[in-house]
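This report refers to the structure that appears directly beneath it.
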6 protein chains.
Amino acid sequence: MNPETRRRLAEVSTATLTTVLFKHGFRNLFLQGPRLVNPSAPRMVGPAYTLRYIPAREDLDRLDAFLDPGHPQRRGIEECPAGSVFVVDSRGDPKAASAGGILLTRLMARGAAGAVTDGGFRDTPEIAQMPWPIYHAAPSAPTNLIRHHAADLNIPIACGEVPVYPGDIMVGDGEGVVCIPAHLADQVAEEAFEQTVVEDFVQERVAAGAGLRGLYPMTDPRNRELLAAWRSERGR
Amino acid sequence: MNPETRRRLAEVSTATLTTVLFKHGFRNLFLQGPRLVNPSAPRMVGPAYTLRYIPAREDLDRLDAFLDPGHPQRRGIEECPAGSVFVVDSRGDPKAASAGGILLTRLMARGAAGAVTDGGFRDTPEIAQMPWPIYHAAPSAPTNLIRHHAADLNIPIACGEVPVYPGDIMVGDGEGVVCIPAHLADQVAEEAFEQTVVEDFVQERVAAGAGLRGLYPMTDPRNRELLAAWRSERGR
Amino acid sequence: MNPETRRRLAEVSTATLTTVLFKHGFRNLFLQGPRLVNPSAPRMVGPAYTLRYIPAREDLDRLDAFLDPGHPQRRGIEECPAGSVFVVDSRGDPKAASAGGILLTRLMARGAAGAVTDGGFRDTPEIAQMPWPIYHAAPSAPTNLIRHHAADLNIPIACGEVPVYPGDIMVGDGEGVVCIPAHLADQVAEEAFEQTVVEDFVQERVAAGAGLRGLYPMTDPRNRELLAAWRSERGR
Amino acid sequence: MNPETRRRLAEVSTATLTTVLFKHGFRNLFLQGPRLVNPSAPRMVGPAYTLRYIPAREDLDRLDAFLDPGHPQRRGIEECPAGSVFVVDSRGDPKAASAGGILLTRLMARGAAGAVTDGGFRDTPEIAQMPWPIYHAAPSAPTNLIRHHAADLNIPIACGEVPVYPGDIMVGDGEGVVCIPAHLADQVAEEAFEQTVVEDFVQERVAAGAGLRGLYPMTDPRNRELLAAWRSERGR
Amino acid sequence: MNPETRRRLAEVSTATLTTVLFKHGFRNLFLQGPRLVNPSAPRMVGPAYTLRYIPAREDLDRLDAFLDPGHPQRRGIEECPAGSVFVVDSRGDPKAASAGGILLTRLMARGAAGAVTDGGFRDTPEIAQMPWPIYHAAPSAPTNLIRHHAADLNIPIACGEVPVYPGDIMVGDGEGVVCIPAHLADQVAEEAFEQTVVEDFVQERVAAGAGLRGLYPMTDPRNRELLAAWRSERGR
Amino acid sequence: MNPETRRRLAEVSTATLTTVLFKHGFRNLFLQGPRLVNPSAPRMVGPAYTLRYIPAREDLDRLDAFLDPGHPQRRGIEECPAGSVFVVDSRGDPKAASAGGILLTRLMARGAAGAVTDGGFRDTPEIAQMPWPIYHAAPSAPTNLIRHHAADLNIPIACGEVPVYPGDIMVGDGEGVVCIPAHLADQVAEEAFEQTVVEDFVQERVAAGAGLRGLYPMTDPRNRELLAAWRSERGR
């Protein structure tokens, strides 16, 4: 992905991104459910690499399923490209884990940009210490085999009630995760970067006591002037 | 599919089938949510042909999407083999329709054995009159484009929290729908057919005033004898 | 139970009963979830006899559990007194059946006054034809063993989020089921019987075009007079 | 409201209306939850007159609250204009009734076009016999005072997760209820009327064995010609 | 509001308040859902100033809605009196934000006593640092326009399934938020203040090894004596 | 309970325990809902002592209920054996508290090993500071009487959708709580202890850059050798 886009997306909030995406007509690209597990992790930015689970079946989802080197969960962990975000469709069900500490450690070691499930990850106490962004809906100790069958890799999925296509740009901060359609990523990054400047300016003025009227959204030429001055002063 | 198996499955209840499947170690093959829309329809039996939806995206799921002859929903309706059951993974969301009266009429005309969604179908008042088995979780007027994107055809899906693999045998009665793993269909049909004989006998005796003890389950040798006599008398 | 109370309760609606119970300070005695399965059944009135389920455990809840003549579900069916209502605490979970056609037939044959679960019963197509009141939250084909363990009989339970004590009077109509604390049953029956007279009068007048003001609740002396006349005319 | 619009809306389905509204950019105007209580009722069409409930409070919501002639629920019943639909915001909570048989009878007697709640109505067995359209989410015996406080009349509300503004046109059929923004009603009625002609034609052809390709949506000029012929033949 | 009442309410827990309110017959005044976002904030006490959302509609809820100086969300932020708590009815839906960092900063700057929604606020990472009490049900990045329409200000609302009337006294601690009916605030504050003394005494004795019997509730004269001594010793 | 088993269970994770239990055929022994309230508490291990709530009833569940020294909640607190875990069936309902700070302090003082509810505890800010493991589903200020009636002690219950029999071994860590059937505790503890050694070894190797293939589960003789070396080196 475009390095400039990656840099910008690492500096804007998911809140700002949803506003920019709303301007483009999108109402449903913030994942409902997943929360940041490890608050000290860096921001998450990267294209989606997906894993899809369906419900488990007792004859197929036994512990020896993992002996198969082609098992999609294990294969996905080894094939997710460096820089990508591993995104899991667990049908929003955290009653069994989507993955655990060892697999997430491997993903991090392989250079993935983060991991997201709309279910749960296990080994939460350990993964909460990892210096790497992980998002889930709830801690979940049970092995995935109890409820989830890894069906396939890197096809379009649902995650947190959002459509995620492989290659869409996933961005995560302390609030949650947003999915940016791949073809719009550069433009959205640029607009959100600009929008962030305005919001920082407004936030600073409001913190200093200014009222909302005429201030946000920016309509008053006087405000535009003040913004221009503020920008040149800060070099933004 | 084996015609004898099809014939037997049309004469056993989904309740009996879940018991037989439990004996084989399966606890989760009855679809949660889907109910029969049209009570006068015949029993449903047939292999699964699947459609998978993911959440809609505003730029992709517009009315002109249907102009594409390759649109998976429309293509699936035209390609579902005669005798098969059209099974839709709608993520259990009936807030928009999985399909409606025209498409279901086309499926019936093409010889499909029934239709199942864990979401909703639209045109409920009309489809409730069709002489053909349709199962959904709730009536749902809105077009599917509002919430659902047809992603792919005939891959393993979740439907009603149950794993459904293409080719699995779907059986529906007035209680709901059960999914029998393809490789077990013949055996399960045979066992369920036998089990139904016993249950009919027990039901008849209980209706006549017999107590449960030794009868259900059958542990009393006297009852076994009576069963044998009853069977030979009825030719079952 | 008092035969006069039983007679009266068979003639008042659950709606009227909840209003009378509200006058006595009760806000939570209408069961949330259970619906009448068989619309042609007579009204249900009788003291509660209870069965409590907890979640199943794989080593305890196997098909051979039913070989035990002391299995609480089977024992409860044989011990529920004639005239009583069999009430099942299924934790509001209809994903597996609380009981099925054979057991319900046996209960009816033994003279029970009805059956209620906040889960589901199986064999719905058959039990929907029974001339006997059955209430459940949803049709449910799977055998109870898959999710429910019969733990004990005739202790206080939750059913439909309502506290049900053995001996409380259960009343069911086409709207649902209400649970009357045992010690209040005679008084509530009498008050509801009286209240029904007033409501029938009001309903008749409103159907004939009268406005609500002063009529419901009855505050206008003229209306009280009309009611007195109406009662003496009808002998109520 | 425009009588021609009323006439047309009585002949189109809620499914068709949601499609037309989707063409106008609306994705959320079909009420989630409310179902038709009385299947023999005529179609429902009329402008919304609204009642809003908030949660009850024990000191305010006592039975004597109904003695106040200004109680919003009672006042609303007496003031809802003939031809209007009485729409109730019950916060989607059917655990206590939004109203019951007497009040609904009064509404019908006063000429209202129907009643809708996203909670429940009581006296379901009686109101299911009324020749007048009533929609609720579930039967609910308990008096509204137990959970609902009538707060105000004829302001914008939520009903079934849909925004309903007083005067919006509510249309109900056997599938459910759709809310048409007031200023669009005439146009939507006209477009839906036209769209229904096309759908009837397509339905007839599909029932006769035609395939979907080029037929639905209509893209093939040959099909357009057939439609024109069909319309002139039927005088539609 | 009475400064003594404000002072006392800042020193008692919401747990104690719900017990005192239960003594007055109230069972439903603790908000279900909202949690404290910023743990280092001071306690929240103040009268409710309310904002009501209904579901958004695509033609009304566009970004330019904010250009209207009378937009209720923006107007409410500027008009909420100093010392009041801004309480938002978001229908319990956190899928889009009720407000964000800039508006909450403005509310704080204007002297409001806190902010509560039963939906979500956006900019959670920033507002979690604010030295001012904020309660929401979940972090929520998307702009309110996506799902919420600001309908009106300072009328009775539902928040967290609780009735909140303008002027009711909202009290928040690390456990959540309780709503005290305005006319009872002084009395409840006094009783809760007294009750807190007893509970502190009991807690201290239990921590020191005392058993529960006869200790709580205080019935034994010996305990009353000990309490009196403890109080005079501590000057409480 | 076996001290060696207690020691081992204090050193293995609930994630590992669910895997071992899955090998024994158990799929549903991790409690859904309860989370650790006080992160600095030690690990929780001990046999279950149970309390069962049913819904409250207004005439029975008044504040003076606590004057009864035999009130099951109070009696349970005083009778729960030292070393046991106090486990509460609150029907998964956190809208009122299962218990609060004083009772939990008493339990801790009496030597109980921890407390678990699938509802909520009150006084969360205080109990979050206790050096003793407490698990609940949500903070909940209201007194239990508002929704819960303490029905009985030390019988089999549901907690977090899991069957809990008195004497089953409850183990809790930062991820949640698992319930081990009593008769399997020693064996499961031993297997989980061994399994933990393997997982620590694997985790260390993966952290150092090893791939998953052939590493987990351990199938390659080379890996077994490395493990043996690692174990003897660490004395494990």
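Ordering of the structure tokens sets the chain letters (A, B, ...), residue numbers begin anew at 1 in every chain, and ligands are numbered from 1 in the order given.
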
task = May I have the residues of chain B within 12 Å of chain A, counting only C-alpha atoms, written as a ChimeraX atom specification?
result = /B:21-22,24-29,31,52-61,89-93,146-152,155-165,179-181,183-184

message = Can you pull out every residue from range 140-207 of chain C that DSSP, working from the backbone, puts in strand (DSSP E), and format the result as number ranges by chain?
response = C: 148-153, 157-159, 162-164, 169-172, 177-180

key: Within 12 Å of Phe121 in chain A using only C-alpha atoms, minus same-chain residues under 5 positions, as an MDAnalysis selection string   = (chainID A and resid 34:37 88 90 93:104 115:116 126:128 134:144) or (chainID F and resid 15 175)

inquiry  = So that I can check the surroundings of Leu17 in chain D, please list as a PyMOL selection string every protein, DNA and RNA residue that reaches within 8 Å of it, counting only C-alpha atoms and ignoring chain neighbours fewer than 3 positions away.
reply    = chain D and resi 12-14+20-21+178+188-189+192

Same residues, N, CA, C and O atoms, saved as a PDB file, in the first residue's frame:
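Wrote it out as part_17.pdb, contents follow:
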```pdb
ATOM      1  N   VAL D  12     -50.710  -1.653  -3.417  1.00  0.00           N
ATOM      2  CA  VAL D  12     -49.316  -2.062  -3.623  1.00  0.00           C
ATOM      3  C   VAL D  12     -48.804  -2.710  -2.335  1.00  0.00           C
ATOM      4  O   VAL D  12     -49.326  -2.460  -1.249  1.00  0.00           O
ATOM      5  N   SER D  13     -47.767  -3.515  -2.487  1.00  0.00           N
ATOM      6  CA  SER D  13     -47.261  -4.226  -1.306  1.00  0.00           C
ATOM      7  C   SER D  13     -46.190  -3.400  -0.595  1.00  0.00           C
ATOM      8  O   SER D  13     -45.562  -2.525  -1.185  1.00  0.00           O
ATOM      9  N   THR D  14     -45.975  -3.699   0.682  1.00  0.00           N
ATOM     10  CA  THR D  14     -44.889  -3.021   1.402  1.00  0.00           C
ATOM     11  C   THR D  14     -43.537  -3.388   0.787  1.00  0.00           C
ATOM     12  O   THR D  14     -42.609  -2.584   0.816  1.00  0.00           O
ATOM     13  N   VAL D  20     -39.165   1.099  -4.003  1.00  0.00           N
ATOM     14  CA  VAL D  20     -39.300   2.464  -4.515  1.00  0.00           C
ATOM     15  C   VAL D  20     -38.603   3.458  -3.586  1.00  0.00           C
ATOM     16  O   VAL D  20     -37.884   4.360  -4.043  1.00  0.00           O
ATOM     17  N   LEU D  21     -38.773   3.261  -2.290  1.00  0.00           N
ATOM     18  CA  LEU D  21     -38.120   4.170  -1.337  1.00  0.00           C
ATOM     19  C   LEU D  21     -36.605   4.032  -1.415  1.00  0.00           C
ATOM     20  O   LEU D  21     -35.870   5.010  -1.242  1.00  0.00           O
ATOM     21  N   VAL D 178     -44.737  -0.087   6.455  1.00  0.00           N
ATOM     22  CA  VAL D 178     -43.720   0.828   5.948  1.00  0.00           C
ATOM     23  C   VAL D 178     -44.189   2.250   6.213  1.00  0.00           C
ATOM     24  O   VAL D 178     -45.386   2.537   6.229  1.00  0.00           O
ATOM     25  N   VAL D 188     -44.280   8.445  -4.434  1.00  0.00           N
ATOM     26  CA  VAL D 188     -43.991   7.038  -4.144  1.00  0.00           C
ATOM     27  C   VAL D 188     -45.189   6.161  -4.507  1.00  0.00           C
ATOM     28  O   VAL D 188     -45.031   5.063  -5.065  1.00  0.00           O
ATOM     29  N   ALA D 189     -46.383   6.653  -4.207  1.00  0.00           N
ATOM     30  CA  ALA D 189     -47.582   5.868  -4.531  1.00  0.00           C
ATOM     31  C   ALA D 189     -47.658   5.625  -6.037  1.00  0.00           C
ATOM     32  O   ALA D 189     -47.945   4.509  -6.490  1.00  0.00           O
ATOM     33  N   ALA D 192     -44.853   3.228  -7.148  1.00  0.00           N
ATOM     34  CA  ALA D 192     -45.091   1.857  -6.685  1.00  0.00           C
ATOM     35  C   ALA D 192     -46.233   1.216  -7.464  1.00  0.00           C
ATOM     36  O   ALA D 192     -46.222   0.006  -7.727  1.00  0.00           O
TER      37      ALA D 192
END
```

For Glu190 in chain B: contacts at 12 Å, only C-alpha atoms, fewer than 3 positions along chain excluded, given as a list in words = Asn2, Glu4, Thr5, Arg6, Arg7, Arg8, Leu9, Ala10, Glu11, Val12, Thr16, Leu17, Val20, Leu21, Leu184, Ala185, Asp186, Gln187, Phe193, Glu194, Gln195, Thr196 and Val197 of chain B

note = Correct to one decimal, the distance CA of Arg110 in chain F-CA of Ala82 in chain F is 6.1 Å

query = If you measure from CA of Gly111 in chain C to CA of Gly83 in chain C, what distance in Å do you get, rounded to one decimal?
reply =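 CA of Gly83 in chain C lies at a distance of 6.0 Å from CA of Gly111 in chain C.
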